[in-house]
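Participant: The structure is given below, and queries will be raised subsequently.
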Amino acid sequence: MAGRPNPPDFAELRADRALALFLDFDGTLVELAPTPDSIHVPPSLADSLHELSDRLDGRLALVSGRAIVDLESHLGSLKLAVSGSHGGDCRSAAGDNLGRVPEGLPPELLHKVRCFAGDHGFDLEDKPHGVALHYRANPSLEGRGLAFARQLAGENALDVKRGKCVIELVGKGANKGSALRAFMEADSFAGAMPVFVGDDLTDEDGMRAAKQHGGFGVLVGEREESVAEYGLATPAAVQHWLGL
Ligand SMILES: O=P(O)(O)OC[C@H]1O[C@H](O[C@H]2O[C@H](CO)[C@@H](O)[C@H](O)[C@H]2O)[C@H](O)[C@@H](O)[C@@H]1O
């Protein structure tokens with residue numbers, strides 16, 4: 001379904017019932033950029049998110065493919081519920097881990113990926129829970145990267161995550177849906193209606209889980225296939241909708 005309607009007015013939604021808000025980061029709160037570190041993060045964004053979390057009685061979680069430490073390098077120290085590493089690492093607003101903290105890839109595997117990236121022209125992002133092969137500068141690398149990642153994942157019991165001009169190898173099991181479920185089990189989120197806002201394929205798991213908990217998804221940008229009921233065109237539109 002293309003051309004999704006805008007979500008209902010956020011203030012009215014909030015007034016009607018207890019909301020739990022799950023926000024993706026890249027492409028949702030900030031515009032995509034040529035490289036992971038060249039994003040522009042509005043200086044007021046972190047404060048605005050903390051204020052919004054207060055208005056929602058703490059029921060706001062950032063849910064990103066980035067590691068938490070990476071998010072904090074852009075936003076400063078977070079006193080928000082946050083999930084990094086594609087759902088693999090979930091932390092409450094008070095700083096408690098929900099579940100185990102993910103491990104990185106074994107060094108020999110990382111070496112293999114590094115050699116492949118160097119040989120073929122991918123930008124490698126070494127992440128605490130895995131590794132990402134970026135090809136934004138050369139989209140024709142997608143097929144080759146995917147074949148390599150799938151083979152390595154099969155041989156080493158890893159998951160392949162696909163995003164916008166990126167292919168990632170991560171530990172098995174977690175996704176943004178499991179992150180949403182982990183937060184919804186916490187007392188502070190229980191009983192609220194979850195709303196998941198995201199732009200990428202990996203956000204579909206989060207939107208599906210929001211639906212299963214009686215809420216809905218909001219897709220940022222366009223995609224034919226999505227479980228999202230609603231749509232917003234850009235990160236600026238997301239910020240405007242949330243009153244950030
Ligand atoms: O789940 P998200 O918060 O959306 O994170 C997904 C990935 O985002 C980053 O990569 C993407 O954004 C970069 C900066 O705009 C862009 O250059 C890249 O092409 C995108 O794929 C991040 O680098 C990854 O680690 C995240 O998994």
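Identifiers for the structure tokens are assigned positionally: chains receive A, B, ... in sequence, residues are indexed from 1 per chain, and ligands are indexed from 1 in the order shown.
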Please identify the residues whose atoms come within 8 Å of ligand 1, using only C-alpha atoms and all ligand atoms, and report them as JSON, numbers by chain.
Facilitator: {"A": [24, 25, 26, 27, 28, 30, 31, 32, 33, 34, 35, 36, 37, 38, 39, 63, 64, 65, 66, 67, 85, 86, 125, 127, 132, 134, 135, 136, 163, 164, 165, 166, 168, 198, 199, 200, 202, 203]}
Participant: Using the selection just defined, write its residues with N, CA and C atoms as a tab-separated table (two decimals), in the first residue's frame.
Facilitator:
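result_24.tsv, freshly written:
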chain	number	residue	atom	x	y	z
A	24	ASP	N	12.72	4.66	15.78
A	24	ASP	CA	13.97	4.34	15.09
A	24	ASP	C	14.79	5.63	15.00
A	25	PHE	N	16.07	5.51	14.66
A	25	PHE	CA	16.93	6.70	14.65
A	25	PHE	C	17.24	7.17	13.21
A	26	ASP	N	18.13	6.43	12.50
A	26	ASP	CA	18.54	6.87	11.15
A	26	ASP	C	17.37	6.81	10.18
A	27	GLY	N	17.15	7.89	9.47
A	27	GLY	CA	16.07	7.93	8.48
A	27	GLY	C	14.71	8.19	9.09
A	28	THR	N	14.65	8.25	10.43
A	28	THR	CA	13.37	8.49	11.13
A	28	THR	C	13.46	9.78	11.95
A	30	VAL	N	16.64	11.38	12.21
A	30	VAL	CA	17.64	12.19	11.49
A	30	VAL	C	17.69	11.73	10.03
A	31	GLU	N	17.99	12.67	9.16
A	31	GLU	CA	18.10	12.35	7.73
A	31	GLU	C	19.30	11.43	7.48
A	32	LEU	N	19.16	10.57	6.47
A	32	LEU	CA	20.29	9.73	6.08
A	32	LEU	C	21.41	10.61	5.50
A	33	ALA	N	22.63	10.14	5.65
A	33	ALA	CA	23.80	10.89	5.20
A	33	ALA	C	24.74	9.93	4.46
A	34	PRO	N	25.75	10.45	3.77
A	34	PRO	CA	26.62	9.55	2.98
A	34	PRO	C	27.33	8.48	3.81
A	35	THR	N	27.67	8.81	5.06
A	35	THR	CA	28.37	7.82	5.91
A	35	THR	C	27.75	7.83	7.31
A	36	PRO	N	27.95	6.75	8.09
A	36	PRO	CA	27.33	6.67	9.43
A	36	PRO	C	27.66	7.86	10.33
A	37	ASP	N	28.85	8.41	10.21
A	37	ASP	CA	29.24	9.48	11.14
A	37	ASP	C	28.95	10.88	10.61
A	38	SER	N	28.49	10.98	9.36
A	38	SER	CA	28.27	12.33	8.82
A	38	SER	C	26.83	12.81	8.98
A	39	ILE	N	26.04	12.13	9.82
A	39	ILE	CA	24.66	12.57	10.04
A	39	ILE	C	24.64	13.91	10.77
A	63	VAL	N	14.93	2.78	19.30
A	63	VAL	CA	15.21	1.40	18.87
A	63	VAL	C	16.01	1.46	17.57
A	64	SER	N	17.29	1.23	17.67
A	64	SER	CA	18.18	1.48	16.52
A	64	SER	C	19.02	0.26	16.17
A	65	GLY	N	19.47	0.23	14.93
A	65	GLY	CA	20.46	-0.76	14.51
A	65	GLY	C	21.84	-0.39	15.02
A	66	ARG	N	22.02	0.88	15.35
A	66	ARG	CA	23.31	1.29	15.91
A	66	ARG	C	23.47	0.72	17.31
A	67	ALA	N	24.71	0.61	17.76
A	67	ALA	CA	24.96	0.23	19.14
A	67	ALA	C	24.58	1.40	20.05
A	85	SER	N	21.81	-2.18	18.54
A	85	SER	CA	22.23	-3.45	17.93
A	85	SER	C	21.05	-4.25	17.39
A	86	HIS	N	20.12	-3.55	16.71
A	86	HIS	CA	18.97	-4.23	16.10
A	86	HIS	C	18.19	-5.07	17.11
A	125	GLU	N	31.85	-0.95	8.73
A	125	GLU	CA	31.55	-0.35	10.04
A	125	GLU	C	31.67	-1.48	11.06
A	127	LYS	N	31.06	-2.90	14.48
A	127	LYS	CA	30.11	-2.58	15.54
A	127	LYS	C	30.33	-3.54	16.71
A	132	ALA	N	29.05	-4.13	9.68
A	132	ALA	CA	28.18	-3.66	8.60
A	132	ALA	C	29.02	-3.37	7.37
A	134	HIS	N	28.78	-1.20	4.13
A	134	HIS	CA	28.03	-0.09	3.52
A	134	HIS	C	28.40	0.05	2.04
A	135	TYR	N	27.37	0.28	1.21
A	135	TYR	CA	27.65	0.46	-0.24
A	135	TYR	C	26.89	1.65	-0.80
A	136	ARG	N	26.60	2.65	0.03
A	136	ARG	CA	25.89	3.85	-0.44
A	136	ARG	C	26.67	4.53	-1.58
A	163	GLY	N	19.56	-3.19	5.31
A	163	GLY	CA	19.02	-1.85	5.49
A	163	GLY	C	19.26	-1.03	4.25
A	164	LYS	N	19.20	0.27	4.39
A	164	LYS	CA	19.36	1.14	3.23
A	164	LYS	C	20.84	1.25	2.88
A	165	CYS	N	21.23	0.59	1.77
A	165	CYS	CA	22.64	0.57	1.32
A	165	CYS	C	23.55	-0.01	2.38
A	166	VAL	N	23.05	-0.96	3.14
A	166	VAL	CA	23.90	-1.61	4.15
A	166	VAL	C	23.46	-3.06	4.34
A	168	GLU	N	24.31	-6.22	7.13
A	168	GLU	CA	25.00	-6.41	8.41
A	168	GLU	C	25.00	-7.89	8.81
A	198	GLY	N	9.29	4.06	12.03
A	198	GLY	CA	10.57	3.69	11.42
A	198	GLY	C	10.51	3.75	9.90
A	199	ASP	N	11.70	3.74	9.30
A	199	ASP	CA	11.76	3.89	7.84
A	199	ASP	C	12.28	2.66	7.12
A	200	ASP	N	12.92	1.75	7.86
A	200	ASP	CA	13.74	0.74	7.19
A	200	ASP	C	13.11	-0.65	7.28
A	202	THR	N	14.26	-3.29	8.67
A	202	THR	CA	14.41	-3.86	10.01
A	202	THR	C	13.35	-3.30	10.97
A	203	ASP	N	12.71	-2.18	10.60
A	203	ASP	CA	11.67	-1.61	11.46
A	203	ASP	C	10.34	-2.36	11.33
Participant: Kindly provide the residues of range 40-116 of chain A that approach range 5-20 of chain A to within 12 Å, each paired with its closest atom pair and their distance in Å to one decimal, based on only C-alpha atoms, listed by chain and increasing number, as a tab-separated table.
Facilitator:
residue	atom	partner	partner_atom	distance
A:Leu52	CA	A:Ala20	CA	11.1
A:Ser53	CA	A:Ala20	CA	9.4
A:Asp54	CA	A:Ala20	CA	11.8
A:Arg55	CA	A:Arg14	CA	9.3
A:Leu56	CA	A:Leu19	CA	6.9
A:Asp57	CA	A:Ala18	CA	9.1
A:Gly58	CA	A:Ala20	CA	8.5
A:Arg59	CA	A:Ala20	CA	4.8
A:Leu60	CA	A:Ala20	CA	5.9
A:Ala61	CA	A:Ala20	CA	8.0
A:Leu62	CA	A:Ala20	CA	11.1
A:Ala81	CA	A:Ala20	CA	10.9
Participant: I need the residues in range 33-83 of chain A that are helix (DSSP H, G or I) according to DSSP; give them as a list in words.
Facilitator: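 Selection result, helix (DSSP H, G or I) within range 33-83 of chain A: Pro36, Asp37, Ser38, Leu45, Ala46, Asp47, Ser48, Leu49, His50, Glu51, Leu52, Ser53, Asp54, Arg55, Ile68, Val69, Asp70, Leu71, Glu72, Ser73, His74 and Leu75 of chain A.
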Participant: May I ask for the distance between CA of Asn175 in chain A and CA of Ser83 in chain A, given in Å to one decimal place?
Facilitator: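 If I compute the distance from CA of Asn175 in chain A to CA of Ser83 in chain A, I get 9.9 Å.
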Participant: Restricting the calculation to only C-alpha atoms: of A:Leu105, A:Leu141, A:Leu78, A:Met184, which residue gets closest to Asp159 in chain A?
Facilitator: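 For Asp159 in chain A, the nearest of the given residues is A:Leu105.
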Participant: Please measure the separation of CA of Glu204 in chain A and CA of Gly84 in chain A, giving the value in Å to one decimal.
Facilitator: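 For CA of Glu204 in chain A relative to CA of Gly84 in chain A, the distance reads 15.8 Å.
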Participant: Just to confirm, what's the straight-line distance from CA of Leu75 in chain A to CA of Pro42 in chain A in Å (one decimal)?
Facilitator: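 Here the two named atoms are 9.2 Å from each other.
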